[in-house]
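Undergrad: One structure follows; several queries about it will come next.
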Amino acid sequence: MMIAQLELAAMSNPVLHASATMKALVYHSAGKIAWEDKPRPAIQHAGDAIIRMTTSTICGTDLHILKGDLPSVTGGRILGHEGIGVIEQVGTGVSEFHVGDKVIISCVTACLKCDFCRKGMYSHCRHGGWILGNTLDGTQAEYVRIPHADGSLYSFPPGGDEEALLMLSDILPTGFECGVLNGQVKPGDTVAIVGAGPVGLAVLMTAQFYSPAAIFIVDLDEKRLAVAKQFGATTPINSSDGHAAYHVMELTEGAGVDVAIEAVGLPDTFDICQAIVAAGGRIANVGVHGKPVELHLEKLWDRNISLTTRLVDTITTPMLLKMVHSGKLQPQKLVTHRFAMNDIMKAYDTFGNAADDGALKVLLKNDGSR
Ligand SMILES: NC(=O)c1ccc[n+]([C@@H]2O[C@H](COP(=O)([O-])OP(=O)(O)OC[C@H]3O[C@@H](n4cnc5c(N)ncnc54)[C@H](O)[C@@H]3O)[C@@H](O)[C@H]2O)c1
Ligand SMILES: [Zn+2]
Ligand SMILES: [Zn+2]
């Protein structure tokens with residue numbers, strides 16, 4: 001009787017048939033990652049969903065992790081905090097999503113109930129925040145467990161463009177919230193974005209909601225600067241001569257910029273922002289920093305500036321989803337490379353050598369092949 005019941009359960013539950021392992025990108029220590037077998041995730045709490053990934057990608061933050069910049073990421077962790085997939089299983093407490101639903105996974109997990117969530121600061125959720133691919137196994141894998149699924153997933157709209165909507169997991173809300181909203185970009189402003197990686201380009205796209213008069217964009221990589229021009233930057237500036245701040249000051253006749261947005265995460269690029277912010281201006285830091293920066297209060301104390309930092313809250317994701325789905329934002333243009341998920345090591349090489357390969361967003365497609 002017991003055996004018959006188990007067989008019946010296995011027949012009605014495809015997960016019990018499936019192999020108990022999966023392939024995943026595992027971080028071991030600084031500079032060491034591998035594509036290897038890991039146990040498949042299983043439901044642990046009522047609010048969990050298990051998702052079969054269809055598309056994932058690599059973020060600049062993963063490169064910081066690889067450099068050893070983020071001590072919260074320890075050996076054995078599956079990386080990745082962006083992706084789209086199909087729900088395989090839900091816990092009994094999940095009410096908004098069902099098996100078979102296609103979903104966009106947010107890089108930030110939100111319980112929707114704690115004090116931080118209730119003030120819209122999901123990034124500091126007491127039961128979530130940025131945990132995926134950080135303190136919890138992430139999305140660069142065939143399957144992922146998403147806790148607090150009701151607050152951490154978004155329905156994939158019918159007829160949606162998977163490559164465009166993937167950018168809602170992280171870079172679009174990051175660029176918009178940490179860069180544009182925190183920098184208080186206004187009509188007529190002069191804005192400088194330091195860093196033309198996917199995040200800097202997401203700042204560039206979403207800054208244009210507010211019609212700034214000029215947008216300077218600074219990077220070392222001519223190819224990325226050329227892409228930025230296509231996305232609406234008025235003045236690309238190559239900083240490889242070490243004089244980016246001088247060029248910005250010259251172009252603004254010594255005034256500097258109303259908003260300086262740091263989208264790299266290095267002391268040098270933070271210094272550029274400090275050097276070019278106009279009196280009354282804002283510095284909005286977006287980059288993840290692994291090293292201390294020097295705050296030049298001896299120059300800034302009387303400049304009436306403000307400085308903000310932010311971990312993306314993803315509170316604007318529903319609005320951005322409408323902008324992408326309507327075609328008003330076209331972040332799919334950032335996709336330069338596509339790999340099968342099991343070629344992820346090649347994808348890391350390509351993204352890590354972005355300047356040589358002309359890479360922006362590298363997509364990982366999970367087609368089930370190994
Ligand atoms: N705050 C958040 O919530 C959040 C979320 C996601 C990503 N991030 C961070 O945003 C940053 C950008 O992410 P990304 O995916 O675009 O990374 P990326 O590595 O693809 O891009 C960084 C860009 O900076 C440029 N750069 C490097 N040194 C420079 C210099 N000295 N002068 C000018 N440009 C220089 C590089 O050429 C590159 O184009 C990273 O630090 C990432 O960790 C922050
Ligand atoms: Zn990221
Ligand atoms: Zn919460």
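As shown in the structure tokens, the chain order sets the letters A, B, ...; within each chain, residues go from 1, and ligands are also counted from 1 in the order they appear.
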If you count only C-alpha atoms and all ligand atoms, which residues end up within 12 Å of ligand 2, as a ChimeraX atom specification?
TA: /A:56-65,79-83,106-108,130-134,138-139,166-175,197-199,202,263,286-288,311-312,314,361
Undergrad: Would you output that residue set with C-alpha atoms, as a tab-separated table (two decimals), in the first residue's frame?
TA:
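Printed below is part_7.tsv as written:
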```tsv
chain	number	residue	atom	x	y	z
A	56	SER	CA	20.04	34.25	-16.98
A	57	THR	CA	22.91	36.72	-17.31
A	58	ILE	CA	26.07	38.02	-15.62
A	59	CYS	CA	26.28	41.35	-13.78
A	60	GLY	CA	29.21	43.68	-13.08
A	61	THR	CA	28.60	42.76	-9.44
A	62	ASP	CA	29.50	39.13	-10.26
A	63	LEU	CA	32.86	40.45	-11.49
A	64	HIS	CA	33.30	42.27	-8.14
A	65	ILE	CA	32.52	38.96	-6.38
A	79	LEU	CA	26.16	32.97	-8.31
A	80	GLY	CA	23.58	34.98	-10.28
A	81	HIS	CA	20.79	37.35	-9.32
A	82	GLU	CA	19.06	37.96	-12.65
A	83	GLY	CA	16.84	35.73	-14.72
A	106	SER	CA	13.98	40.22	-9.10
A	107	CYS	CA	17.55	40.51	-7.82
A	108	VAL	CA	16.03	41.64	-4.54
A	130	TRP	CA	19.93	41.19	-2.06
A	131	ILE	CA	20.53	37.58	-1.05
A	132	LEU	CA	20.36	35.79	-4.43
A	133	GLY	CA	23.83	34.80	-5.60
A	134	ASN	CA	25.13	36.45	-2.44
A	138	GLY	CA	21.42	32.17	-7.24
A	139	THR	CA	20.19	32.05	-10.82
A	166	LEU	CA	15.46	40.18	-18.42
A	167	MET	CA	16.87	43.67	-17.82
A	168	LEU	CA	14.18	44.22	-15.19
A	169	SER	CA	15.84	41.76	-12.83
A	170	ASP	CA	18.54	44.27	-11.96
A	171	ILE	CA	20.06	46.84	-14.30
A	172	LEU	CA	16.97	48.92	-15.15
A	173	PRO	CA	15.71	49.40	-11.57
A	174	THR	CA	19.33	49.85	-10.41
A	175	GLY	CA	20.14	52.55	-12.95
A	197	GLY	CA	28.61	49.33	-18.62
A	198	PRO	CA	25.08	47.87	-18.66
A	199	VAL	CA	24.24	49.72	-15.43
A	202	ALA	CA	20.50	51.80	-17.87
A	263	ALA	CA	28.45	53.49	-12.11
A	286	VAL	CA	25.65	53.24	-7.91
A	287	GLY	CA	28.87	51.21	-8.10
A	288	VAL	CA	29.72	48.44	-5.63
A	311	LEU	CA	21.24	49.24	-2.95
A	312	VAL	CA	18.52	48.84	-5.55
A	314	THR	CA	13.29	47.32	-7.13
A	361	LYS	CA	24.89	41.95	-21.60
```
Undergrad: As a VMD selection string, list the residues of segment 140-354 of chain A assigned to strand (DSSP E) by DSSP on the backbone atoms of this structure.
TA: chain A and resid 143 to 146 153 to 155 190 to 194 214 to 219 235 to 238 257 to 262 277 to 285 306 to 309 335 to 340
Undergrad: Could you save the residues just selected, with C-alpha atoms, as a compact mmCIF listing (two decimals), in the first residue's frame?
TA:
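As written to disk, again-v2.txt reads:
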```
# COMPACT_ATOMS: atom_id res chain seq x y z
CA TYR A 143 17.03 25.65 -11.13
CA VAL A 144 16.74 28.16 -8.33
CA ARG A 145 14.73 28.43 -5.11
CA ILE A 146 13.14 31.84 -4.65
CA LEU A 153 8.73 37.52 -8.77
CA TYR A 154 6.90 39.39 -11.53
CA SER A 155 4.58 37.78 -14.07
CA THR A 190 23.50 68.55 -16.99
CA VAL A 191 24.20 64.96 -16.04
CA ALA A 192 27.45 62.98 -16.10
CA ILE A 193 27.41 59.19 -15.93
CA VAL A 194 30.77 57.68 -15.06
CA ALA A 214 23.07 67.30 -21.60
CA ILE A 215 24.30 63.84 -20.69
CA PHE A 216 28.05 63.24 -20.56
CA ILE A 217 29.16 59.65 -20.29
CA VAL A 218 32.65 58.62 -19.26
CA ASP A 219 34.33 55.27 -19.91
CA THR A 235 28.90 63.78 -25.11
CA PRO A 236 30.97 60.59 -24.74
CA ILE A 237 34.27 61.14 -22.94
CA ASN A 238 37.10 58.63 -23.03
CA VAL A 257 27.43 69.02 -13.63
CA ASP A 258 24.15 69.06 -11.72
CA VAL A 259 24.23 65.30 -11.30
CA ALA A 260 27.32 63.05 -11.26
CA ILE A 261 26.45 59.35 -11.26
CA GLU A 262 29.13 56.81 -10.35
CA VAL A 277 29.86 68.06 -9.25
CA ALA A 278 28.52 71.63 -9.57
CA ALA A 279 27.60 73.79 -6.59
CA GLY A 280 24.18 72.59 -5.44
CA GLY A 281 24.65 69.33 -7.34
CA ARG A 282 24.19 65.70 -6.45
CA ILE A 283 26.57 62.74 -6.52
CA ALA A 284 24.64 59.48 -6.79
CA ASN A 285 26.79 56.44 -6.20
CA SER A 306 24.53 65.94 -1.59
CA LEU A 307 25.87 62.43 -1.87
CA THR A 308 23.66 59.36 -1.98
CA THR A 309 24.26 55.62 -1.91
CA VAL A 335 22.38 42.13 -25.48
CA THR A 336 25.59 41.48 -27.40
CA HIS A 337 26.26 37.78 -26.78
CA ARG A 338 24.19 34.66 -26.25
CA PHE A 339 25.50 31.40 -24.78
CA ALA A 340 24.01 28.07 -23.81
```
Undergrad: Determine, using only C-alpha atoms and all ligand atoms, which residues of chain A have any atom at most 9 Å from an atom of ligand 3, and tabulate each with its shortest atom pair and distance in Å to one decimal place, rows ordered by chain and then rising number, as a Markdown table.
TA:
```
| residue | atom | partner | partner_atom_place_in_ligand_line | distance |
| --- | --- | --- | --- | --- |
| A:Thr109 | CA | ligand 3 | 1 (Zn) | 7.9 |
| A:Ala110 | CA | ligand 3 | 1 (Zn) | 4.9 |
| A:Cys111 | CA | ligand 3 | 1 (Zn) | 3.9 |
| A:Leu112 | CA | ligand 3 | 1 (Zn) | 4.9 |
| A:Lys113 | CA | ligand 3 | 1 (Zn) | 5.2 |
| A:Cys114 | CA | ligand 3 | 1 (Zn) | 4.1 |
| A:Asp115 | CA | ligand 3 | 1 (Zn) | 6.7 |
| A:Phe116 | CA | ligand 3 | 1 (Zn) | 5.8 |
| A:Cys117 | CA | ligand 3 | 1 (Zn) | 4.3 |
| A:Arg118 | CA | ligand 3 | 1 (Zn) | 7.3 |
| A:Met121 | CA | ligand 3 | 1 (Zn) | 8.2 |
| A:Tyr122 | CA | ligand 3 | 1 (Zn) | 6.1 |
| A:Ser123 | CA | ligand 3 | 1 (Zn) | 8.5 |
| A:His124 | CA | ligand 3 | 1 (Zn) | 7.2 |
| A:Cys125 | CA | ligand 3 | 1 (Zn) | 3.6 |
| A:Arg126 | CA | ligand 3 | 1 (Zn) | 5.0 |
| A:His127 | CA | ligand 3 | 1 (Zn) | 5.4 |
| A:Gly128 | CA | ligand 3 | 1 (Zn) | 6.2 |
| A:Gly129 | CA | ligand 3 | 1 (Zn) | 7.5 |
| A:His148 | CA | ligand 3 | 1 (Zn) | 9.0 |
| A:Gly151 | CA | ligand 3 | 1 (Zn) | 8.8 |
```
Undergrad: So, counting only C-alpha atoms and all ligand atoms, which residue among A:Ala275, A:Ala245, A:Ile305, A:Met345 is closest to ligand 1?
TA: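 Among the listed residues, the smallest separation from ligand 1 belongs to A:Ala245.
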Undergrad: A:Ala49, A:Ile78, A:Val99, A:Val90: which is nearest Thr135 of chain A, counting only C-alpha atoms?
TA: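 For Thr135 of chain A, the nearest of the candidates is A:Ile78.
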Undergrad: Name the residues of segment 119-223 of chain A that come out as helix (DSSP H, G or I) in a backbone DSSP run; write them as an NGL selection string.
TA: :A and (122-124 or 149-152 or 162-168 or 171-181 or 198-210 or 222-223)
Undergrad: Can you work out which one of A:Thr74, A:Thr92, A:Asn182, A:Ser211 has the shortest atom-to-atom distance to ligand 1, counting only C-alpha atoms and all ligand atoms?
TA: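 Looking only at the distances to ligand 1, the closest residue turns out to be A:Asn182.
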Undergrad: Which residues, written as a ChimeraX atom specification, have at least one atom at most 12 Å from Glu142 of chain A, with only C-alpha atoms counted and residues fewer than 2 positions away on the same chain left out?
TA: /A:19-25,35-41,50-56,78-80,83-86,88,137-140,144-145,340-342,344,364-370
Undergrad: Filtering to C-alpha atoms, could you give me those residues as a tab-separated table (two decimals), in the first residue's frame?
TA:
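Written output follows (result-v4.tsv):
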```
chain	number	residue	atom	x	y	z
A	19	SER	CA	17.40	13.71	-11.45
A	20	ALA	CA	18.33	15.07	-8.04
A	21	THR	CA	21.23	17.11	-9.36
A	22	MET	CA	21.61	20.07	-11.65
A	23	LYS	CA	24.41	22.11	-13.15
A	24	ALA	CA	25.29	25.43	-11.57
A	25	LEU	CA	28.01	28.08	-11.57
A	35	TRP	CA	30.28	24.89	-13.67
A	36	GLU	CA	29.51	21.78	-11.68
A	37	ASP	CA	26.88	19.44	-10.23
A	38	LYS	CA	24.85	20.66	-7.26
A	39	PRO	CA	21.74	19.24	-5.61
A	40	ARG	CA	18.54	20.56	-7.10
A	41	PRO	CA	16.82	23.05	-4.82
A	50	ILE	CA	11.27	26.48	-7.43
A	51	ILE	CA	12.01	27.86	-10.86
A	52	ARG	CA	13.49	26.22	-13.93
A	53	MET	CA	15.64	28.94	-15.45
A	54	THR	CA	15.14	29.79	-19.11
A	55	THR	CA	17.47	32.81	-19.33
A	56	SER	CA	20.04	34.25	-16.98
A	78	ILE	CA	25.87	29.50	-6.72
A	79	LEU	CA	26.16	32.97	-8.31
A	80	GLY	CA	23.58	34.98	-10.28
A	83	GLY	CA	16.84	35.73	-14.72
A	84	ILE	CA	13.60	34.52	-16.21
A	85	GLY	CA	12.16	31.08	-15.75
A	86	VAL	CA	9.12	28.86	-15.38
A	88	GLU	CA	8.10	24.11	-11.31
A	137	ASP	CA	22.19	30.17	-4.11
A	138	GLY	CA	21.42	32.17	-7.24
A	139	THR	CA	20.19	32.05	-10.82
A	140	GLN	CA	23.24	30.95	-12.82
A	144	VAL	CA	16.74	28.16	-8.33
A	145	ARG	CA	14.73	28.43	-5.11
A	340	ALA	CA	24.01	28.07	-23.81
A	341	MET	CA	23.92	27.96	-20.00
A	342	ASN	CA	26.47	25.15	-19.99
A	344	ILE	CA	28.81	29.86	-18.88
A	364	LEU	CA	22.72	32.45	-20.82
A	365	LYS	CA	20.00	30.27	-22.31
A	366	ASN	CA	19.04	27.12	-20.48
A	367	ASP	CA	17.94	24.80	-23.24
A	368	GLY	CA	18.38	21.70	-21.10
A	369	SER	CA	21.59	20.56	-22.87
A	370	ARG	CA	24.60	19.87	-20.69
```
Undergrad: What is the atom 10 (O, counted along the ligand's line) of ligand 1-atom CA of Val264 of chain A distance in Å, reported with one decimal?
TA: 5.5 Å
Undergrad: Find the residue from A:Gly256, A:Gly183, A:Gly352, A:Gly93 that sits nearest to ligand 1; use only C-alpha atoms and all ligand atoms when measuring.
TA: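 Under the stated criterion, the closest residue is A:Gly352.
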Undergrad: Please indicate the distance in Å from atom CA of Ser95 of chain A to atom CA of Phe176 of chain A, rounded to one decimal place.
TA: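 If I compute the distance from atom CA of Ser95 of chain A to atom CA of Phe176 of chain A, I get 29.2 Å.
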Undergrad: To one decimal in Å, tell me the separation between atom CA of Lys67 of chain A and atom CA of Val26 of chain A.
TA: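 Spanning atom CA of Lys67 of chain A to atom CA of Val26 of chain A is a straight-line distance of 14.5 Å.
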Undergrad: With only C-alpha atoms and all ligand atoms as the atoms that count, which of A:Gly242, A:Gly327, A:Pro318, A:Gly91 lies nearest to ligand 1?
TA: A:Gly242
Undergrad: Between A:Pro157, A:Pro331, A:Gly254, A:Gly200, which one has atoms that come closest to ligand 1, using only C-alpha atoms and all ligand atoms?
TA: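 For ligand 1, the nearest of the given residues is A:Gly200.
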